[in-house]
file run.pdb (PDB, C-alpha atoms)
MODEL        1
ATOM      1  CA  MET A   1       0.000   0.000   0.000  1.00  0.00           C
ATOM      2  CA  VAL A   2       1.328   3.428  -0.937  1.00  0.00           C
ATOM      3  CA  SER A   3       0.996   6.020   1.828  1.00  0.00           C
ATOM      4  CA  GLN A   4      -0.480   9.472   1.212  1.00  0.00           C
ATOM      5  CA  VAL A   5       2.944  10.999   1.875  1.00  0.00           C
ATOM      6  CA  ASP A   6       4.504   8.750  -0.778  1.00  0.00           C
ATOM      7  CA  LEU A   7       1.705   9.546  -3.233  1.00  0.00           C
ATOM      8  CA  ASP A   8       2.136  13.303  -2.661  1.00  0.00           C
ATOM      9  CA  GLY A   9       5.877  12.854  -3.264  1.00  0.00           C
ATOM     10  CA  PHE A  10       5.118  10.914  -6.452  1.00  0.00           C
ATOM     11  CA  TYR A  11       3.058  13.841  -7.789  1.00  0.00           C
ATOM     12  CA  GLU A  12       5.658  16.440  -6.791  1.00  0.00           C
ATOM     13  CA  ASP A  13       8.482  14.396  -8.391  1.00  0.00           C
ATOM     14  CA  LEU A  14       6.378  14.018 -11.542  1.00  0.00           C
ATOM     15  CA  ILE A  15       5.915  17.798 -11.829  1.00  0.00           C
ATOM     16  CA  ALA A  16       9.638  18.361 -11.221  1.00  0.00           C
ATOM     17  CA  SER A  17      10.547  15.897 -13.987  1.00  0.00           C
ATOM     18  CA  ILE A  18       8.040  17.436 -16.418  1.00  0.00           C
ATOM     19  CA  ARG A  19       9.506  20.871 -15.751  1.00  0.00           C
ATOM     20  CA  ALA A  20      13.051  19.535 -16.170  1.00  0.00           C
ATOM     21  CA  SER A  21      12.050  18.173 -19.604  1.00  0.00           C
ATOM     22  CA  GLY A  22      10.736  21.573 -20.730  1.00  0.00           C
ATOM     23  CA  GLY A  23       7.118  21.390 -19.611  1.00  0.00           C
ATOM     24  CA  VAL A  24       5.503  24.467 -18.091  1.00  0.00           C
ATOM     25  CA  CYS A  25       3.106  23.296 -15.401  1.00  0.00           C
ATOM     26  CA  ALA A  26       1.920  23.894 -11.841  1.00  0.00           C
ATOM     27  CA  ILE A  27       0.079  21.923  -9.172  1.00  0.00           C
ATOM     28  CA  THR A  28      -3.360  23.374  -8.475  1.00  0.00           C
ATOM     29  CA  SER A  29      -6.726  22.639  -6.851  1.00  0.00           C
ATOM     30  CA  ASP A  30      -6.890  20.229  -3.872  1.00  0.00           C
ATOM     31  CA  MET A  31      -3.198  19.298  -3.739  1.00  0.00           C
ATOM     32  CA  ALA A  32      -2.253  22.980  -3.911  1.00  0.00           C
ATOM     33  CA  CYS A  33      -4.691  23.574  -1.042  1.00  0.00           C
ATOM     34  CA  VAL A  34      -2.808  20.930   0.980  1.00  0.00           C
ATOM     35  CA  LEU A  35       0.581  22.451   0.146  1.00  0.00           C
ATOM     36  CA  TYR A  36      -0.715  25.975   0.928  1.00  0.00           C
ATOM     37  CA  GLN A  37      -2.005  24.542   4.238  1.00  0.00           C
ATOM     38  CA  VAL A  38      -5.707  25.237   3.752  1.00  0.00           C
ATOM     39  CA  ALA A  39      -6.582  21.514   3.511  1.00  0.00           C
ATOM     40  CA  GLN A  40      -5.234  18.354   5.101  1.00  0.00           C
ATOM     41  CA  SER A  41      -5.373  15.734   2.356  1.00  0.00           C
ATOM     42  CA  THR A  42      -6.407  14.980  -1.190  1.00  0.00           C
ATOM     43  CA  LYS A  43      -7.027  11.911  -3.295  1.00  0.00           C
ATOM     44  CA  ASP A  44      -5.601  13.146  -6.586  1.00  0.00           C
ATOM     45  CA  CYS A  45      -3.503  15.803  -8.256  1.00  0.00           C
ATOM     46  CA  ASP A  46      -4.708  18.529 -10.610  1.00  0.00           C
ATOM     47  CA  VAL A  47      -2.125  20.263 -12.763  1.00  0.00           C
ATOM     48  CA  LEU A  48      -2.184  23.268 -15.049  1.00  0.00           C
ATOM     49  CA  CYS A  49      -0.126  22.745 -18.208  1.00  0.00           C
ATOM     50  CA  SER A  50       0.835  25.344 -20.770  1.00  0.00           C
ATOM     51  CA  ALA A  51      -0.737  24.116 -24.006  1.00  0.00           C
ATOM     52  CA  SER A  52       2.466  24.797 -25.918  1.00  0.00           C
ATOM     53  CA  THR A  53       4.353  22.305 -23.711  1.00  0.00           C
ATOM     54  CA  ALA A  54       1.878  19.423 -23.923  1.00  0.00           C
ATOM     55  CA  GLU A  55       4.372  17.267 -25.814  1.00  0.00           C
ATOM     56  CA  PRO A  56       7.075  17.102 -23.098  1.00  0.00           C
ATOM     57  CA  PHE A  57       4.298  16.575 -20.539  1.00  0.00           C
ATOM     58  CA  VAL A  58       2.938  13.539 -22.424  1.00  0.00           C
ATOM     59  CA  SER A  59       6.452  12.220 -23.004  1.00  0.00           C
ATOM     60  CA  GLN A  60       7.208  12.337 -19.286  1.00  0.00           C
ATOM     61  CA  LEU A  61       3.896  10.673 -18.399  1.00  0.00           C
ATOM     62  CA  ALA A  62       4.788   7.829 -20.783  1.00  0.00           C
ATOM     63  CA  GLN A  63       8.043   7.279 -18.866  1.00  0.00           C
ATOM     64  CA  THR A  64       6.590   7.502 -15.354  1.00  0.00           C
ATOM     65  CA  THR A  65       5.461   4.411 -13.469  1.00  0.00           C
ATOM     66  CA  LEU A  66       3.960   3.859 -10.030  1.00  0.00           C
ATOM     67  CA  ASN A  67       4.967   0.489  -8.552  1.00  0.00           C
ATOM     68  CA  GLY A  68       5.893  -0.622 -12.061  1.00  0.00           C
ATOM     69  CA  VAL A  69       2.520   0.341 -13.549  1.00  0.00           C
ATOM     70  CA  PRO A  70       2.517   2.771 -16.487  1.00  0.00           C
ATOM     71  CA  CYS A  71       0.305   5.808 -16.835  1.00  0.00           C
ATOM     72  CA  ALA A  72      -2.977   5.387 -18.748  1.00  0.00           C
ATOM     73  CA  TYR A  73      -5.829   7.623 -19.781  1.00  0.00           C
ATOM     74  CA  ARG A  74      -8.687   7.377 -17.253  1.00  0.00           C
ATOM     75  CA  GLY A  75     -12.198   6.802 -18.506  1.00  0.00           C
ATOM     76  CA  HIS A  76     -13.599   6.407 -21.981  1.00  0.00           C
ATOM     77  CA  LEU A  77     -14.343  10.039 -22.758  1.00  0.00           C
ATOM     78  CA  THR A  78     -11.191  11.903 -21.823  1.00  0.00           C
ATOM     79  CA  PRO A  79      -9.581  14.068 -24.502  1.00  0.00           C
ATOM     80  CA  PRO A  80      -5.952  13.523 -25.427  1.00  0.00           C
ATOM     81  CA  LEU A  81      -3.310  15.654 -23.769  1.00  0.00           C
ATOM     82  CA  ASP A  82      -2.694  17.792 -26.830  1.00  0.00           C
ATOM     83  CA  GLU A  83      -2.124  21.489 -27.428  1.00  0.00           C
ATOM     84  CA  ARG A  84      -5.402  21.943 -29.349  1.00  0.00           C
ATOM     85  CA  TRP A  85      -7.534  20.369 -26.635  1.00  0.00           C
ATOM     86  CA  LEU A  86      -5.772  22.203 -23.801  1.00  0.00           C
ATOM     87  CA  GLN A  87      -6.230  25.561 -25.575  1.00  0.00           C
ATOM     88  CA  GLY A  88      -9.933  24.759 -25.888  1.00  0.00           C
ATOM     89  CA  GLY A  89     -10.286  24.361 -22.131  1.00  0.00           C
ATOM     90  CA  TRP A  90     -10.550  20.567 -22.058  1.00  0.00           C
ATOM     91  CA  THR A  91      -9.119  18.491 -19.201  1.00  0.00           C
ATOM     92  CA  SER A  92      -7.246  15.219 -19.713  1.00  0.00           C
ATOM     93  CA  HIS A  93      -7.541  12.515 -17.054  1.00  0.00           C
ATOM     94  CA  PHE A  94      -4.860   9.931 -16.221  1.00  0.00           C
ATOM     95  CA  GLU A  95      -4.290   7.153 -13.717  1.00  0.00           C
ATOM     96  CA  TRP A  96      -1.740   4.690 -12.476  1.00  0.00           C
ATOM     97  CA  LYS A  97      -3.655   1.693 -11.111  1.00  0.00           C
ATOM     98  CA  SER A  98      -1.920  -1.196  -9.390  1.00  0.00           C
ATOM     99  CA  ALA A  99      -2.970  -3.780  -6.820  1.00  0.00           C
ATOM    100  CA  ASP A 100      -1.744  -1.627  -3.927  1.00  0.00           C
ATOM    101  CA  ALA A 101      -2.066   1.938  -5.205  1.00  0.00           C
ATOM    102  CA  THR A 102      -4.059   4.189  -7.483  1.00  0.00           C
ATOM    103  CA  ALA A 103      -2.987   7.663  -8.507  1.00  0.00           C
ATOM    104  CA  HIS A 104      -5.156  10.097 -10.458  1.00  0.00           C
ATOM    105  CA  LEU A 105      -3.900  13.098 -12.408  1.00  0.00           C
ATOM    106  CA  ASP A 106      -6.101  15.704 -14.112  1.00  0.00           C
ATOM    107  CA  VAL A 107      -4.405  18.122 -16.518  1.00  0.00           C
ATOM    108  CA  PHE A 108      -5.923  21.513 -17.381  1.00  0.00           C
ATOM    109  CA  GLY A 109      -4.672  23.938 -20.012  1.00  0.00           C
ATOM    110  CA  VAL A 110      -6.970  26.739 -18.892  1.00  0.00           C
ATOM    111  CA  ALA A 111      -7.697  27.483 -15.236  1.00  0.00           C
ATOM    112  CA  PRO A 112     -11.503  27.435 -14.877  1.00  0.00           C
ATOM    113  CA  ARG A 113     -12.965  30.659 -13.453  1.00  0.00           C
ATOM    114  CA  ALA A 114      -9.538  32.371 -13.301  1.00  0.00           C
ATOM    115  CA  SER A 115      -9.567  36.101 -13.939  1.00  0.00           C
ATOM    116  CA  SER A 116      -5.925  36.269 -15.049  1.00  0.00           C
ATOM    117  CA  PRO A 117      -3.459  33.938 -16.808  1.00  0.00           C
ATOM    118  CA  TRP A 118      -2.276  31.282 -14.332  1.00  0.00           C
ATOM    119  CA  ILE A 119       1.211  31.215 -15.817  1.00  0.00           C
ATOM    120  CA  LYS A 120       1.879  34.763 -14.554  1.00  0.00           C
ATOM    121  CA  GLU A 121       1.199  33.805 -10.935  1.00  0.00           C
ATOM    122  CA  LEU A 122       3.368  30.733 -10.350  1.00  0.00           C
ATOM    123  CA  ASN A 123       4.611  30.080  -6.830  1.00  0.00           C
ATOM    124  CA  GLY A 124       7.388  27.536  -7.211  1.00  0.00           C
ATOM    125  CA  ARG A 125       5.808  24.239  -8.240  1.00  0.00           C
ATOM    126  CA  LEU A 126       2.325  25.572  -7.381  1.00  0.00           C
ATOM    127  CA  ALA A 127      -0.176  27.726  -9.196  1.00  0.00           C
ATOM    128  CA  GLY A 128      -0.519  31.063  -7.444  1.00  0.00           C
ATOM    129  CA  MET A 129      -2.873  31.337  -4.474  1.00  0.00           C
ATOM    130  CA  HIS A 130      -5.216  33.599  -6.432  1.00  0.00           C
ATOM    131  CA  THR A 131      -5.532  31.084  -9.300  1.00  0.00           C
ATOM    132  CA  VAL A 132      -6.139  28.152  -6.940  1.00  0.00           C
ATOM    133  CA  ALA A 133      -8.744  30.104  -4.963  1.00  0.00           C
ATOM    134  CA  GLU A 134     -10.619  31.082  -8.113  1.00  0.00           C
ATOM    135  CA  MET A 135     -10.549  27.490  -9.390  1.00  0.00           C
ATOM    136  CA  LYS A 136     -12.159  26.358  -6.119  1.00  0.00           C
ATOM    137  CA  ARG A 137     -14.977  28.892  -6.539  1.00  0.00           C
ATOM    138  CA  THR A 138     -17.476  26.410  -7.971  1.00  0.00           C
ATOM    139  CA  ASP A 139     -21.133  25.535  -7.504  1.00  0.00           C
ATOM    140  CA  ARG A 140     -20.117  22.353  -5.646  1.00  0.00           C
ATOM    141  CA  LEU A 141     -20.761  22.534  -1.908  1.00  0.00           C
ATOM    142  CA  LYS A 142     -17.622  20.469  -1.217  1.00  0.00           C
ATOM    143  CA  ASP A 143     -15.450  23.308  -2.605  1.00  0.00           C
ATOM    144  CA  TRP A 144     -16.776  26.123  -0.392  1.00  0.00           C
ATOM    145  CA  PRO A 145     -14.858  25.156   2.763  1.00  0.00           C
ATOM    146  CA  PHE A 146     -11.705  25.589   0.642  1.00  0.00           C
ATOM    147  CA  ALA A 147     -12.894  28.977  -0.614  1.00  0.00           C
ATOM    148  CA  THR A 148     -13.631  30.081   2.954  1.00  0.00           C
ATOM    149  CA  ALA A 149     -10.227  28.869   4.170  1.00  0.00           C
ATOM    150  CA  TRP A 150      -8.578  30.694   1.262  1.00  0.00           C
ATOM    151  CA  GLU A 151     -10.280  33.951   2.125  1.00  0.00           C
ATOM    152  CA  SER A 152      -9.235  33.642   5.758  1.00  0.00           C
ATOM    153  CA  LYS A 153      -5.632  32.862   4.811  1.00  0.00           C
ATOM    154  CA  TRP A 154      -5.599  35.610   2.187  1.00  0.00           C
ATOM    155  CA  LEU A 155      -6.906  38.231   4.613  1.00  0.00           C
ATOM    156  CA  LYS A 156      -4.238  37.302   7.167  1.00  0.00           C
ATOM    157  CA  GLN A 157      -1.428  37.601   4.590  1.00  0.00           C
ATOM    158  CA  ALA A 158      -2.630  40.337   2.254  1.00  0.00           C
ATOM    159  CA  THR A 159      -3.023  44.062   2.499  1.00  0.00           C
ATOM    160  CA  CYS A 160      -6.531  45.329   3.089  1.00  0.00           C
ATOM    161  CA  ALA A 161      -6.865  46.216  -0.587  1.00  0.00           C
ATOM    162  CA  ASP A 162      -5.947  42.689  -1.703  1.00  0.00           C
ATOM    163  CA  GLY A 163      -8.256  41.063   0.846  1.00  0.00           C
ATOM    164  CA  CYS A 164     -11.107  43.396  -0.010  1.00  0.00           C
ATOM    165  CA  ILE A 165     -10.680  42.649  -3.711  1.00  0.00           C
ATOM    166  CA  PHE A 166     -10.808  38.899  -3.037  1.00  0.00           C
ATOM    167  CA  SER A 167     -13.896  39.358  -0.862  1.00  0.00           C
ATOM    168  CA  MET A 168     -15.621  41.435  -3.514  1.00  0.00           C
ATOM    169  CA  ARG A 169     -14.777  38.927  -6.243  1.00  0.00           C
ATOM    170  CA  ARG A 170     -16.226  36.066  -4.231  1.00  0.00           C
ATOM    171  CA  ARG A 171     -19.271  37.978  -3.058  1.00  0.00           C
ATOM    172  CA  TYR A 172     -20.192  39.591  -6.352  1.00  0.00           C
ATOM    173  CA  GLY A 173     -18.816  36.991  -8.760  1.00  0.00           C
ATOM    174  CA  MET A 174     -16.186  39.385 -10.112  1.00  0.00           C
TER     175      MET A 174
ENDMDL
END
call {"tool": "encode", "arguments": {"input": "run.pdb", "output": "structure tokens"}}
result
Amino acid sequence: MVSQVDLDGFYEDLIASIRASGGVCAITSDMACVLYQVAQSTKDCDVLCSASTAEPFVSQLAQTTLNGVPCAYRGHLTPPLDERWLQGGWTSHFEWKSADATAHLDVFGVAPRASSPWIKELNGRLAGMHTVAEMKRTDRLKDWPFATAWESKWLKQATCADGCIFSMRRRYGM
């Protein structure tokens, strides 16, 4: 059985290797929430990928195994990880599925609900806090505790103007 710590390390090593091979990408969504310390755990990894670097991303996925199991597309209706699909806002879904571990990876080219380009707000291996917070602003009830935690964290770290802007965006859908 693969521990959550090992699985998180697997995802972080994967992103590091994709970047080393020329891919432009960043961890986002639930795993970013864990790494930004607004959540405690996650079951998968969501990644933003620059559409123009889809090829090195796919190449690295093809070389990456988990417990000897190769990466595979997840589901029957997932689009290919390709520049054209990523530019169109589609998400590609992957998995590594073995007897003792399953890892899921979702790859976005466009950050849903983001008000600015995600690539301009990178924070190391993570998408910027603003991008992650906006991606969690969904109609799903399970995402609102994250949005609330983000606002609290943001207000503690930001100037009043930044915090007020975040509050207004959330409250008025800006």
call {"tool": "resolve_selection", "arguments": {"input": "run.pdb", "expression": "the PyMOL selection byres ((chain A and resi 120) around 12)", "output": "list in words"}}
result
Val24, Cys25, Ala26, Ser50, Ala114, Ser115, Ser116, Pro117, Trp118, Ile119, Glu121, Leu122, Asn123, Gly124, Leu126, Ala127, Gly128, Met129, His130 and Thr131 of chain A
call {"tool": "write_last_selection", "arguments": {"input": "run.pdb", "atoms": "C-alpha atoms", "output": "CSV table (one decimal), in the frame of the given file"}}
result
chain,number,residue,atom,x,y,z
A,24,VAL,CA,5.5,24.5,-18.1
A,25,CYS,CA,3.1,23.3,-15.4
A,26,ALA,CA,1.9,23.9,-11.8
A,50,SER,CA,0.8,25.3,-20.8
A,114,ALA,CA,-9.5,32.4,-13.3
A,115,SER,CA,-9.6,36.1,-13.9
A,116,SER,CA,-5.9,36.3,-15.0
A,117,PRO,CA,-3.5,33.9,-16.8
A,118,TRP,CA,-2.3,31.3,-14.3
A,119,ILE,CA,1.2,31.2,-15.8
A,121,GLU,CA,1.2,33.8,-10.9
A,122,LEU,CA,3.4,30.7,-10.4
A,123,ASN,CA,4.6,30.1,-6.8
A,124,GLY,CA,7.4,27.5,-7.2
A,126,LEU,CA,2.3,25.6,-7.4
A,127,ALA,CA,-0.2,27.7,-9.2
A,128,GLY,CA,-0.5,31.1,-7.4
A,129,MET,CA,-2.9,31.3,-4.5
A,130,HIS,CA,-5.2,33.6,-6.4
A,131,THR,CA,-5.5,31.1,-9.3
call {"tool": "closest_residue", "arguments": {"input": "run.pdb", "among": "A:Ile27, A:Ala103, A:Ile18, A:Val34", "to": "Ala62 of chain A", "atoms": "only C-alpha atoms"}}
result
A:Ile18
call {"tool": "residues_around", "arguments": {"input": "run.pdb", "residues": "Asp8 of chain A", "least_positions_apart": "4", "cutoff": "10 Å", "atoms": "only C-alpha atoms", "output": "PDB file with C-alpha atoms, in the frame of the given file"}}
result
ATOM      1  CA  SER A   3       0.996   6.020   1.828  1.00  0.00           C
ATOM      2  CA  GLN A   4      -0.480   9.472   1.212  1.00  0.00           C
ATOM      3  CA  GLU A  12       5.658  16.440  -6.791  1.00  0.00           C
ATOM      4  CA  ASP A  13       8.482  14.396  -8.391  1.00  0.00           C
ATOM      5  CA  LEU A  14       6.378  14.018 -11.542  1.00  0.00           C
ATOM      6  CA  MET A  31      -3.198  19.298  -3.739  1.00  0.00           C
ATOM      7  CA  VAL A  34      -2.808  20.930   0.980  1.00  0.00           C
ATOM      8  CA  LEU A  35       0.581  22.451   0.146  1.00  0.00           C
ATOM      9  CA  SER A  41      -5.373  15.734   2.356  1.00  0.00           C
ATOM     10  CA  THR A  42      -6.407  14.980  -1.190  1.00  0.00           C
ATOM     11  CA  LYS A  43      -7.027  11.911  -3.295  1.00  0.00           C
ATOM     12  CA  ASP A  44      -5.601  13.146  -6.586  1.00  0.00           C
ATOM     13  CA  CYS A  45      -3.503  15.803  -8.256  1.00  0.00           C
ATOM     14  CA  ALA A 103      -2.987   7.663  -8.507  1.00  0.00           C
TER      15      ALA A 103
END
call {"tool": "atom_distance", "arguments": {"input": "run.pdb", "atom1": "atom CA of Leu105 of chain A", "atom2": "atom CA of Gly88 of chain A"}}
result
18.8 Å
call {"tool": "closest_residue", "arguments": {"input": "run.pdb", "among": "A:Arg84, A:Arg125, A:Arg19, A:Lys142", "to": "Phe108 of chain A", "atoms": "all atoms listed in the file"}}
result
A:Arg84
call {"tool": "atom_distance", "arguments": {"input": "run.pdb", "atom1": "atom CA of Phe57 of chain A", "atom2": "atom CA of Gly9 of chain A"}}
result
17.7 Å
call {"tool": "closest_residue", "arguments": {"input": "run.pdb", "among": "A:Val2, A:Gly23, A:Glu95, A:Arg113", "to": "Thr53 of chain A", "atoms": "all atoms listed in the file"}}
result
A:Gly23
call {"tool": "build_atoms", "arguments": {"input": "run.pdb", "residues": "segment 42-55 of chain A", "atoms": "N, CA and C atoms", "output": "compact mmCIF listing (two decimals), in the coordinates of the input"}}
result
# COMPACT_ATOMS: atom_id res chain seq x y z
N THR A 42 -5.73 15.04 0.10
CA THR A 42 -6.41 14.98 -1.19
C THR A 42 -6.23 13.59 -1.77
N LYS A 43 -7.09 13.24 -2.69
CA LYS A 43 -7.03 11.91 -3.30
C LYS A 43 -6.34 11.91 -4.66
N ASP A 44 -6.18 13.09 -5.24
CA ASP A 44 -5.60 13.15 -6.59
C ASP A 44 -4.75 14.39 -6.75
N CYS A 45 -4.30 14.62 -7.96
CA CYS A 45 -3.50 15.80 -8.26
C CYS A 45 -4.05 16.46 -9.52
N ASP A 46 -4.31 17.74 -9.45
CA ASP A 46 -4.71 18.53 -10.61
C ASP A 46 -3.53 19.42 -10.98
N VAL A 47 -3.27 19.52 -12.27
CA VAL A 47 -2.12 20.26 -12.76
C VAL A 47 -2.56 21.17 -13.91
N LEU A 48 -2.03 22.37 -13.91
CA LEU A 48 -2.18 23.27 -15.05
C LEU A 48 -0.97 23.06 -15.95
N CYS A 49 -1.20 22.97 -17.24
CA CYS A 49 -0.13 22.74 -18.21
C CYS A 49 -0.25 23.76 -19.32
N SER A 50 0.83 24.44 -19.63
CA SER A 50 0.84 25.34 -20.77
C SER A 50 0.60 24.51 -22.02
N ALA A 51 -0.39 24.89 -22.82
CA ALA A 51 -0.74 24.12 -24.01
C ALA A 51 0.46 23.91 -24.93
N SER A 52 1.32 24.90 -25.01
CA SER A 52 2.47 24.80 -25.92
C SER A 52 3.51 23.78 -25.45
N THR A 53 3.39 23.31 -24.21
CA THR A 53 4.35 22.30 -23.71
C THR A 53 3.67 20.97 -23.41
N ALA A 54 2.58 20.69 -24.12
CA ALA A 54 1.88 19.42 -23.92
C ALA A 54 2.75 18.23 -24.30
N GLU A 55 3.56 18.39 -25.34
CA GLU A 55 4.37 17.27 -25.81
C GLU A 55 5.37 16.76 -24.77
